[in-house]
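What follows is a set of notes on a single structure, which appears directly below.
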Amino acid sequence: IVMGRKRAPDEASFEKIPPDAPDPETLEAMAIQGMGPVWLQHYEQRAFEGAPFERNARPKSCAWIAHKDGRVFDTKGLIALSDTPMPRVFFTSTTPRFGSTIAFSVNSVCGEDVLAELNTARVLLEADSRSVGRGAYDQQVCVWSECGTLLCVSNQTAVYR
């Protein structure tokens with residue numbers, strides 16, 4: 001674990017913009033009861049991009065996520081959330097495949113002050129990959145606030161069978 005204080009933005013600062021996303025209230029919550037790890041049942045997910053177990057043109061997925069109990073995400077919650085997207089191979093194949101993470105890094109890119117200003121318990125989870133195939137994939141995740149602030153990013157390398 002490496003920790004440090006973030007400095008104020010300067011002339012070299014850059015930040016990715018969030019994806020276009022529909023109002024979460026216009027989307028139905030996914031029925032995920034009994035799917036995946038048990039801890040995923042604690043989240044309400046409203047997906048709007050990417051269909052698992054279909055051959056998507058690209059392995060990108062986006063979903064609005066909230067704790068089912070309504071609590072707001074803190075730094076630990078964002079870090080945990082950054083490891084919840086389905087494996088990217090689920091978006092390039094119709095066959096479920098077992099896999100394992102071999103490298104994972106996560107970075108909270110906002111401070112506690114930004115989290116304290118959030119007035120909603122819902123965040124946007126964007127997951128994508130640069131490469132899936134030959135038994136391995138990478139995955140990048142961005143977690144956004146409803147107002148478009150980048151909160152957390154992660155990078156993962158995994159293998160699958």
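Simple scheme: letters A, B, ... for chains in structure tokens order, numbers from 1 for residues in each chain, numbers from 1 for ligands in the order shown.
Within the 8 Å cut-off around Phe48 of chain A, using only C-alpha atoms and omitting residues fewer than 2 positions from it on the same chain, the listed residues are Ala21, Pro22, Leu27, Arg46, Gly50, Ser61, Cys62 and Ala63 of chain A.
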File of the preceding selection, C-alpha atoms, as an mmCIF file, in the first residue's frame:
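Saved file part-v2.cif follows:
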```cif
data_model
loop_
_atom_site.group_PDB
_atom_site.id
_atom_site.type_symbol
_atom_site.label_atom_id
_atom_site.label_comp_id
_atom_site.auth_asym_id
_atom_site.auth_seq_id
_atom_site.Cartn_x
_atom_site.Cartn_y
_atom_site.Cartn_z
ATOM 1 C CA ALA A 21 -25.163 7.820 -19.103
ATOM 2 C CA PRO A 22 -28.941 7.732 -18.865
ATOM 3 C CA LEU A 27 -33.200 1.868 -15.817
ATOM 4 C CA ARG A 46 -28.629 -0.656 -13.147
ATOM 5 C CA GLY A 50 -22.492 -4.272 -22.288
ATOM 6 C CA SER A 61 -19.774 -2.294 -19.495
ATOM 7 C CA CYS A 62 -21.365 0.551 -17.561
ATOM 8 C CA ALA A 63 -23.779 0.460 -14.646
#
```
Within 7 Å of segment 117-124 of chain A, counting only C-alpha atoms, which residues show up once you throw out same-chain ones fewer than 2 positions away? Write them as an NGL selection string, please.
:A and (63-66 or 70-73 or 113-115 or 126 or 143-146)
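Secondary structure of segment 82-134 of chain A, alpha helix (DSSP H) only (DSSP, backbone atoms): Glu112, Asp113, Val114, Leu115, Ala116 and Glu117 of chain A.
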Output file for the residues above (N, CA and C atoms, as a PDB file, in the first residue's frame):
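And here's result-v2.pdb as it stands now:
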```
ATOM      1  N   GLU A 112     -11.259  12.735   0.934  1.00  0.00           N
ATOM      2  CA  GLU A 112     -12.426  12.613   1.798  1.00  0.00           C
ATOM      3  C   GLU A 112     -13.337  13.828   1.669  1.00  0.00           C
ATOM      4  N   ASP A 113     -12.750  15.004   1.349  1.00  0.00           N
ATOM      5  CA  ASP A 113     -13.558  16.213   1.179  1.00  0.00           C
ATOM      6  C   ASP A 113     -14.527  16.069   0.013  1.00  0.00           C
ATOM      7  N   VAL A 114     -14.082  15.444  -1.081  1.00  0.00           N
ATOM      8  CA  VAL A 114     -14.954  15.229  -2.238  1.00  0.00           C
ATOM      9  C   VAL A 114     -16.054  14.237  -1.874  1.00  0.00           C
ATOM     10  N   LEU A 115     -15.690  13.156  -1.187  1.00  0.00           N
ATOM     11  CA  LEU A 115     -16.686  12.164  -0.788  1.00  0.00           C
ATOM     12  C   LEU A 115     -17.717  12.767   0.161  1.00  0.00           C
ATOM     13  N   ALA A 116     -17.282  13.662   1.038  1.00  0.00           N
ATOM     14  CA  ALA A 116     -18.206  14.291   1.983  1.00  0.00           C
ATOM     15  C   ALA A 116     -19.221  15.177   1.261  1.00  0.00           C
ATOM     16  N   GLU A 117     -18.847  15.710   0.104  1.00  0.00           N
ATOM     17  CA  GLU A 117     -19.750  16.576  -0.658  1.00  0.00           C
ATOM     18  C   GLU A 117     -20.746  15.804  -1.513  1.00  0.00           C
TER      19      GLU A 117
END
```
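Among the candidate residues A:Pro19, A:Gly111, A:Pro9, A:Pro37, the one lying nearest to Leu125 of chain A is A:Pro19, with distances computed using only C-alpha atoms.
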Among listed residues A:Ala8, A:Val109, A:Ala31, A:Ala158, nearest Cys142 of chain A (using only C-alpha atoms):
A:Val109
The distance between atom CA of Val38 of chain A and atom CA of Leu151 of chain A is 24.9 Å
So, with only C-alpha atoms as the atoms that count, which of A:Asp138, A:Ala47, A:Glu15, A:Phe53 lies closest to Thr95 of chain A?
A:Phe53
Once DSSP has gone over the backbone, tell me which residues of chain A are in strand (DSSP E), as an NGL selection string.
:A and (43-49 or 61-67 or 99-108 or 122-128 or 132-133 or 136-145 or 150-160)
Shortest contact to Lys76 of chain A, candidates A:Gln45, A:Ser108, A:Ser100, A:Thr92, atoms counted only C-alpha atoms, goes to A:Ser108
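We find atom CA of Gly133 of chain A and atom CA of Arg88 of chain A to be spaced 10.0 Å apart.
Picture a line from atom CA of Ile32 of chain A to atom CA of Asn107 of chain A; it runs 27.3 Å.
For Ile79 of chain A, the residues within 9 Å (counting only C-alpha atoms, excluding itself and residues fewer than 3 positions away along the chain) are Asp74, Thr75, Lys76, Ser82, Asp83, Val106, Asn107, Ser108, Cys152, Val153 and Ser154 of chain A.
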Hey, can you spit out that residue selection with N, CA, C and O atoms as a PDB file, in the first residue's frame?
```
ATOM      1  N   ASP A  74     -17.765   5.295   0.872  1.00  0.00           N
ATOM      2  CA  ASP A  74     -16.570   5.932   1.415  1.00  0.00           C
ATOM      3  C   ASP A  74     -15.376   5.386   0.635  1.00  0.00           C
ATOM      4  O   ASP A  74     -15.552   4.618  -0.320  1.00  0.00           O
ATOM      5  N   THR A  75     -14.168   5.782   0.999  1.00  0.00           N
ATOM      6  CA  THR A  75     -12.976   5.338   0.261  1.00  0.00           C
ATOM      7  C   THR A  75     -12.871   3.824   0.232  1.00  0.00           C
ATOM      8  O   THR A  75     -12.618   3.235  -0.821  1.00  0.00           O
ATOM      9  N   LYS A  76     -13.079   3.167   1.344  1.00  0.00           N
ATOM     10  CA  LYS A  76     -12.992   1.699   1.380  1.00  0.00           C
ATOM     11  C   LYS A  76     -14.053   1.073   0.484  1.00  0.00           C
ATOM     12  O   LYS A  76     -13.801   0.094  -0.198  1.00  0.00           O
ATOM     13  N   SER A  82     -14.423  -1.234  -6.950  1.00  0.00           N
ATOM     14  CA  SER A  82     -13.606  -1.264  -8.170  1.00  0.00           C
ATOM     15  C   SER A  82     -13.229  -2.683  -8.591  1.00  0.00           C
ATOM     16  O   SER A  82     -12.746  -2.895  -9.699  1.00  0.00           O
ATOM     17  N   ASP A  83     -13.485  -3.664  -7.733  1.00  0.00           N
ATOM     18  CA  ASP A  83     -13.196  -5.063  -8.067  1.00  0.00           C
ATOM     19  C   ASP A  83     -14.479  -5.862  -8.304  1.00  0.00           C
ATOM     20  O   ASP A  83     -14.463  -7.078  -8.316  1.00  0.00           O
ATOM     21  N   VAL A 106      -5.331  -0.297  -7.382  1.00  0.00           N
ATOM     22  CA  VAL A 106      -6.468   0.604  -7.254  1.00  0.00           C
ATOM     23  C   VAL A 106      -5.969   1.932  -6.696  1.00  0.00           C
ATOM     24  O   VAL A 106      -5.027   1.963  -5.901  1.00  0.00           O
ATOM     25  N   ASN A 107      -6.592   3.009  -7.159  1.00  0.00           N
ATOM     26  CA  ASN A 107      -6.169   4.342  -6.749  1.00  0.00           C
ATOM     27  C   ASN A 107      -7.399   5.205  -6.518  1.00  0.00           C
ATOM     28  O   ASN A 107      -8.183   5.423  -7.443  1.00  0.00           O
ATOM     29  N   SER A 108      -7.572   5.675  -5.302  1.00  0.00           N
ATOM     30  CA  SER A 108      -8.620   6.647  -5.016  1.00  0.00           C
ATOM     31  C   SER A 108      -8.099   7.992  -5.502  1.00  0.00           C
ATOM     32  O   SER A 108      -7.053   8.450  -5.054  1.00  0.00           O
ATOM     33  N   CYS A 152     -12.395   6.974  -8.333  1.00  0.00           N
ATOM     34  CA  CYS A 152     -11.505   5.843  -8.103  1.00  0.00           C
ATOM     35  C   CYS A 152     -11.199   5.173  -9.441  1.00  0.00           C
ATOM     36  O   CYS A 152     -12.061   5.147 -10.323  1.00  0.00           O
ATOM     37  N   VAL A 153      -9.995   4.660  -9.604  1.00  0.00           N
ATOM     38  CA  VAL A 153      -9.626   3.898 -10.800  1.00  0.00           C
ATOM     39  C   VAL A 153      -8.914   2.620 -10.379  1.00  0.00           C
ATOM     40  O   VAL A 153      -8.260   2.577  -9.335  1.00  0.00           O
ATOM     41  N   SER A 154      -9.053   1.572 -11.186  1.00  0.00           N
ATOM     42  CA  SER A 154      -8.304   0.346 -10.924  1.00  0.00           C
ATOM     43  C   SER A 154      -7.856  -0.275 -12.243  1.00  0.00           C
ATOM     44  O   SER A 154      -8.438  -0.016 -13.291  1.00  0.00           O
TER      45      SER A 154
END
```
If we count only C-alpha atoms and set the cut-off at 9 Å, which residues sit around Phe98 of chain A, ignoring sequence neighbours fewer than 3 positions away in its own chain? Please answer as a short mmCIF file (atom, residue, chain, number, x, y, z; two decimals) with C-alpha atoms, in the first residue's frame.
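Output file part.cif follows:
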```
data_model
loop_
_atom_site.label_atom_id
_atom_site.label_comp_id
_atom_site.auth_asym_id
_atom_site.auth_seq_id
_atom_site.Cartn_x
_atom_site.Cartn_y
_atom_site.Cartn_z
CA VAL A 159 -6.09 -15.25 -16.69
CA TYR A 160 -8.99 -17.47 -17.68
CA ARG A 161 -9.61 -21.05 -18.85
#
```
